[in-house]
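A short worksheet on the structure shown next.
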Amino acid sequence: MINIKSLAYPLLQKGRYAKLISLFNKAKGQPLEPQKIVMLATSKGKLGGNLLAIKDYIEKHQLPYTVTAYTEDTLPELGALAQALATAKYVMVDDYEPMVYPLSLREGQHLVQVWHAMGAFKRFGYARATAEQGSITHKNYTEAIVSSPELCKIYAESFGIRQDRIKPVGTPRTDAFFDSAHTQAVKARLYAAYPALQGKKVCLFAPTFRGENVHDGYYPEQFIDLAALAQELGEDWTVVLKLHPFVKNRPAVPASVLDLSAEREINDLLLLTDVLVTDYSSVIFENAVIGNAAVLYAPDLAEYTDARGFYFPYSDYACGEVVTDAAQLAAAVRAARKDDARMLAFQQRFVPLCDGHACERFVKEILEEH
């Protein structure tokens, strides 16, 4: 039986952007500019992540490309946008960008997805059981990048594209972790802002949210007693809390714990961290690139697995000890080591190409190859 919804879904997607499609098709009559790059980050107020890393690399090395970046605050009027998109050899996105999916790319044009998340943890895209398979979302990418060759098949499935379009070049934004000037500046800023971090071992507690989205995100307060954790770890440690931005109703934080949930970049906090404690957050991949020890604290593992689903069994993500009982957490933190065999295996499997040269490989394998 024909699924009427699946047939109608792409028509609705195209209808939403009918004017842009028309203007884009008209602008195809203009020459394609081989060195022109347009970056779209329309869900954000400013450029960041992989797109910014690539742009900065191109400008730092004075490569012969012209980069124009559009965010939600800087989008031009529709005609100018259509012309920019139609004449750029490379259009780059790092997230869900609904306006590009109905566009029929011209010959020789590239739509490159430099996805904001790393690794492959919670299912996304067409790998989700609830995904509308008839959608045209993601399916016109000419290339997408990943942090490990093992992930090519997974990302191809999630984006609904052929596996040969997935390019294992690494994650460009992680190059910053290998830039000593950058890391020293970040550390200096954080130590100046939060003197309690100086001279202490840092346990960063950064769980992901529960709930569906930004509107109902929360973290169950009963899962952890932060005051007890800080007391058990002792004076040599500082416990830092970093809640997910979706968690709006913040719990009361004891004076013995430093709440840095307002810090925008968790990656900055990772540079001062000795042991990361998290549950189902993709921050485990960034943490592995930096090389910190980790503990996975998952008191609701069975329920979360049933509700969200992972690409691999949860045990495959065990880059350190897995703890389900809060009473065992402090001991696991004290015992955690960055050279844990589980962490080394995790690094090799999921982030082997995050080595400080991802931007360089991106330019060589995506831009210079074409």
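Letters A, B, ... go to the chains of the structure tokens in the order shown; residues in each chain start at 1; ligands are counted from 1 in the same order.
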Give me the residues within 10 Å of segment 60-64 of chain A as a compact mmCIF listing (two decimals) with N, CA and C atoms, in the first residue's frame, counting only C-alpha atoms and dropping any in the same chain fewer than 2 places off.
```
# COMPACT_ATOMS: atom_id res chain seq x y z
N PRO A 34 34.47 28.82 -9.19
CA PRO A 34 35.16 27.64 -8.67
C PRO A 34 35.82 27.82 -7.30
N GLN A 35 36.08 29.04 -6.89
CA GLN A 35 36.74 29.28 -5.61
C GLN A 35 35.79 29.85 -4.57
N LYS A 36 34.51 29.83 -4.86
CA LYS A 36 33.53 30.47 -3.98
C LYS A 36 32.92 29.45 -3.02
N ILE A 54 37.10 25.65 9.61
CA ILE A 54 37.50 25.57 8.19
C ILE A 54 37.74 26.97 7.63
N LYS A 55 36.85 27.89 7.93
CA LYS A 55 37.01 29.28 7.46
C LYS A 55 38.31 29.88 7.99
N ASP A 56 38.58 29.70 9.28
CA ASP A 56 39.80 30.25 9.88
C ASP A 56 41.04 29.62 9.24
N TYR A 57 41.00 28.33 8.96
CA TYR A 57 42.15 27.65 8.35
C TYR A 57 42.41 28.22 6.95
N ILE A 58 41.36 28.39 6.17
CA ILE A 58 41.50 28.94 4.82
C ILE A 58 42.10 30.34 4.87
N THR A 66 37.12 32.24 -1.60
CA THR A 66 36.35 33.33 -1.01
C THR A 66 35.22 32.73 -0.20
N VAL A 67 35.21 33.01 1.11
CA VAL A 67 34.23 32.41 2.01
C VAL A 67 33.23 33.46 2.46
N VAL A 363 40.61 20.31 3.36
CA VAL A 363 40.96 21.12 2.19
C VAL A 363 41.49 20.23 1.07
```
Just the residues within 7 Å of segment 14-23 of chain A, please, counting only C-alpha atoms, with nothing from its chain fewer than 5 positions along; format it as a VMD selection string.
chain A and resid 78 to 79 82 99 102 to 103
Env of Gln198 of chain A: 12 Å cut, atoms = only C-alpha atoms, seq-sep filter 3 positions within chain, self excluded. Answer as a list in words.
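Answer for this query is Lys187, Ala188, Arg189, Leu190, Tyr191, Ala192, Ala193, Tyr194, Pro195, Lys201, Val202, Asp236, Trp237, Thr238, Leu272 and Thr273 of chain A.
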Contact residues around segment 302-311 of chain A with only C-alpha atoms at 9 Å, ignoring same-chain residues under 2 positions, as a list of chain:residue names:
A:Ala120, A:Phe121, A:Lys122, A:Arg123, A:Ala127, A:Arg128, A:Ala129, A:Ile154, A:Arg210, A:Tyr280, A:Ala298, A:Pro299, A:Asp300, A:Pro313, A:Tyr314
Output N, CA, C and O atoms for every residue in the selection just made, as an mmCIF file, in the first residue's frame.
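What landed in selection20.cif:
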```cif
data_model
loop_
_atom_site.group_PDB
_atom_site.id
_atom_site.type_symbol
_atom_site.label_atom_id
_atom_site.label_comp_id
_atom_site.auth_asym_id
_atom_site.auth_seq_id
_atom_site.Cartn_x
_atom_site.Cartn_y
_atom_site.Cartn_z
ATOM 1 N N ALA A 120 29.493 8.622 16.781
ATOM 2 C CA ALA A 120 28.169 8.063 16.511
ATOM 3 C C ALA A 120 27.653 7.486 17.816
ATOM 4 O O ALA A 120 28.058 6.395 18.229
ATOM 5 N N PHE A 121 26.770 8.230 18.469
ATOM 6 C CA PHE A 121 26.261 7.814 19.772
ATOM 7 C C PHE A 121 24.752 7.608 19.652
ATOM 8 O O PHE A 121 24.285 6.567 19.191
ATOM 9 N N LYS A 122 23.959 8.617 20.006
ATOM 10 C CA LYS A 122 22.508 8.516 19.874
ATOM 11 C C LYS A 122 22.127 8.624 18.397
ATOM 12 O O LYS A 122 22.677 9.428 17.658
ATOM 13 N N ARG A 123 21.171 7.819 17.997
ATOM 14 C CA ARG A 123 20.771 7.784 16.591
ATOM 15 C C ARG A 123 20.175 9.120 16.147
ATOM 16 O O ARG A 123 19.461 9.772 16.900
ATOM 17 N N ALA A 127 18.381 7.074 10.758
ATOM 18 C CA ALA A 127 18.625 5.927 11.630
ATOM 19 C C ALA A 127 17.647 5.891 12.800
ATOM 20 O O ALA A 127 17.573 4.885 13.514
ATOM 21 N N ARG A 128 16.886 6.978 12.999
ATOM 22 C CA ARG A 128 15.885 6.996 14.055
ATOM 23 C C ARG A 128 14.646 6.229 13.622
ATOM 24 O O ARG A 128 14.223 6.304 12.462
ATOM 25 N N ALA A 129 14.052 5.513 14.543
ATOM 26 C CA ALA A 129 12.852 4.735 14.226
ATOM 27 C C ALA A 129 11.700 5.632 13.799
ATOM 28 O O ALA A 129 10.825 5.216 13.039
ATOM 29 N N ILE A 154 27.578 4.265 8.994
ATOM 30 C CA ILE A 154 26.565 4.800 9.905
ATOM 31 C C ILE A 154 26.067 6.161 9.426
ATOM 32 O O ILE A 154 24.865 6.424 9.383
ATOM 33 N N ARG A 210 17.301 14.979 29.938
ATOM 34 C CA ARG A 210 16.205 14.046 29.711
ATOM 35 C C ARG A 210 15.042 14.871 29.174
ATOM 36 O O ARG A 210 14.989 16.079 29.339
ATOM 37 N N TYR A 280 25.195 9.960 28.460
ATOM 38 C CA TYR A 280 24.921 9.642 27.054
ATOM 39 C C TYR A 280 25.255 10.831 26.164
ATOM 40 O O TYR A 280 24.703 10.996 25.093
ATOM 41 N N ALA A 298 25.421 6.123 34.497
ATOM 42 C CA ALA A 298 24.155 5.910 33.789
ATOM 43 C C ALA A 298 23.169 5.145 34.662
ATOM 44 O O ALA A 298 22.919 3.955 34.447
ATOM 45 N N PRO A 299 22.552 5.814 35.645
ATOM 46 C CA PRO A 299 21.621 5.114 36.537
ATOM 47 C C PRO A 299 20.331 4.668 35.856
ATOM 48 O O PRO A 299 19.635 3.784 36.366
ATOM 49 N N ASP A 300 20.005 5.274 34.707
ATOM 50 C CA ASP A 300 18.768 4.920 33.993
ATOM 51 C C ASP A 300 19.071 4.285 32.638
ATOM 52 O O ASP A 300 18.347 4.487 31.663
ATOM 53 N N PRO A 313 26.027 -1.092 21.068
ATOM 54 C CA PRO A 313 25.685 -1.349 22.466
ATOM 55 C C PRO A 313 26.405 -0.344 23.373
ATOM 56 O O PRO A 313 27.534 0.070 23.084
ATOM 57 N N TYR A 314 25.749 0.054 24.454
ATOM 58 C CA TYR A 314 26.328 1.077 25.330
ATOM 59 C C TYR A 314 27.714 0.689 25.823
ATOM 60 O O TYR A 314 28.583 1.546 25.997
#
```
Show me, as number ranges by chain, the residues that have an atom within 7 Å of Thr68 of chain A when counting only C-alpha atoms, minus same-chain residues fewer than 2 positions from it.
A: 37-39, 66, 70
Please dump the current selection as a tab-separated table (two decimals), in the first residue's frame; keep all heavy atoms.
```
chain	number	residue	atom	x	y	z
A	37	ILE	N	32.92	29.80	-1.73
A	37	ILE	CA	32.34	28.96	-0.68
A	37	ILE	C	31.27	29.76	0.04
A	37	ILE	O	31.52	30.89	0.48
A	37	ILE	CB	33.41	28.50	0.32
A	37	ILE	CG1	34.46	27.62	-0.36
A	37	ILE	CG2	32.76	27.74	1.49
A	37	ILE	CD1	35.66	27.31	0.53
A	38	VAL	N	30.09	29.18	0.18
A	38	VAL	CA	29.03	29.77	1.00
A	38	VAL	C	28.76	28.83	2.17
A	38	VAL	O	28.52	27.63	1.98
A	38	VAL	CB	27.74	30.00	0.20
A	38	VAL	CG1	26.58	30.37	1.13
A	38	VAL	CG2	27.95	31.09	-0.84
A	39	MET	N	28.83	29.36	3.38
A	39	MET	CA	28.55	28.59	4.58
A	39	MET	C	27.21	29.03	5.16
A	39	MET	O	26.95	30.23	5.28
A	39	MET	CB	29.64	28.79	5.63
A	39	MET	CG	31.00	28.27	5.21
A	39	MET	SD	32.25	28.54	6.51
A	39	MET	CE	33.62	27.56	5.88
A	66	THR	N	37.12	32.24	-1.60
A	66	THR	CA	36.35	33.33	-1.01
A	66	THR	C	35.22	32.73	-0.20
A	66	THR	O	34.38	32.00	-0.74
A	66	THR	CB	35.76	34.24	-2.11
A	66	THR	OG1	36.84	34.77	-2.89
A	66	THR	CG2	34.96	35.37	-1.49
A	70	TYR	N	26.70	32.83	6.32
A	70	TYR	CA	25.40	33.39	6.69
A	70	TYR	C	24.88	32.69	7.94
A	70	TYR	O	24.86	31.46	7.99
A	70	TYR	CB	24.38	33.21	5.57
A	70	TYR	CG	24.71	33.96	4.30
A	70	TYR	CD1	24.82	33.27	3.10
A	70	TYR	CD2	24.88	35.34	4.30
A	70	TYR	CE1	25.11	33.95	1.91
A	70	TYR	CE2	25.18	36.03	3.12
A	70	TYR	CZ	25.29	35.32	1.93
A	70	TYR	OH	25.57	36.00	0.77
```
If we count only C-alpha atoms and set the cut-off at 10 Å, which residues sit around Gly29 of chain A, ignoring sequence neighbours fewer than 4 positions away in its own chain? Please answer as a PyMOL selection string.
chain A and resi 24-25+83+86-87
Grab the residues selected above and save them as a PDB file, in the first residue's frame with C-alpha atoms.
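And here is the file that came out, out12.pdb:
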```pdb
ATOM      1  CA  PHE A  24      17.991  29.513  -7.482  1.00  0.00           C
ATOM      2  CA  ASN A  25      17.129  27.868 -10.799  1.00  0.00           C
ATOM      3  CA  GLN A  83      22.334  34.003  -6.354  1.00  0.00           C
ATOM      4  CA  ALA A  86      23.645  29.094  -7.173  1.00  0.00           C
ATOM      5  CA  THR A  87      27.053  30.531  -8.064  1.00  0.00           C
TER       6      THR A  87
END
```
Atom CA of Arg162 of chain A sits from atom CA of Tyr101 of chain A at a separation of 16.0 Å
For Gln133 of chain A: contacts at 10 Å, only C-alpha atoms, fewer than 6 positions along chain excluded, given as a ChimeraX atom specification
/A:6,9,125-127,160
Out of A:Ala331, A:Ile266, A:Ala41, A:Leu301, which residue has the shortest atom-to-atom distance to Val240 of chain A when counting only C-alpha atoms?
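Smallest distance to Val240 of chain A is found for A:Ile266.
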In Å, rounded to a single decimal, give me how far atom CA of Ser135 of chain A is from atom CA of Pro149 of chain A.
26.6 Å
Between atom CA of Ala144 of chain A and atom CA of Leu81 of chain A lies a distance of 22.5 Å
Which one is closest to Met118 of chain A: A:Asn213, A:Thr174, A:Thr208, A:Ser282? Count only C-alpha atoms.
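Checking each of A:Asn213, A:Thr174, A:Thr208, A:Ser282 against Met118 of chain A, counting only C-alpha atoms, the winner is A:Ser282.
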For Gln30 of chain A, which residue out of A:Asp94, A:Asn50, A:Lys89, A:Val283 is the nearest one, using only C-alpha atoms?
A:Lys89
Judged by only C-alpha atoms, the minimum distance to Arg173 of chain A among A:Val323, A:Met343, A:Leu51, A:Ala196 is found for A:Leu51
From segment 82-239 of chain A, collect each residue whose DSSP state is helix (DSSP H, G or I) and return the set as a PyMOL selection string.
chain A and resi 82-87+125-127+149-159+163-165+172-178+180-193+195-197+221-223+226-233
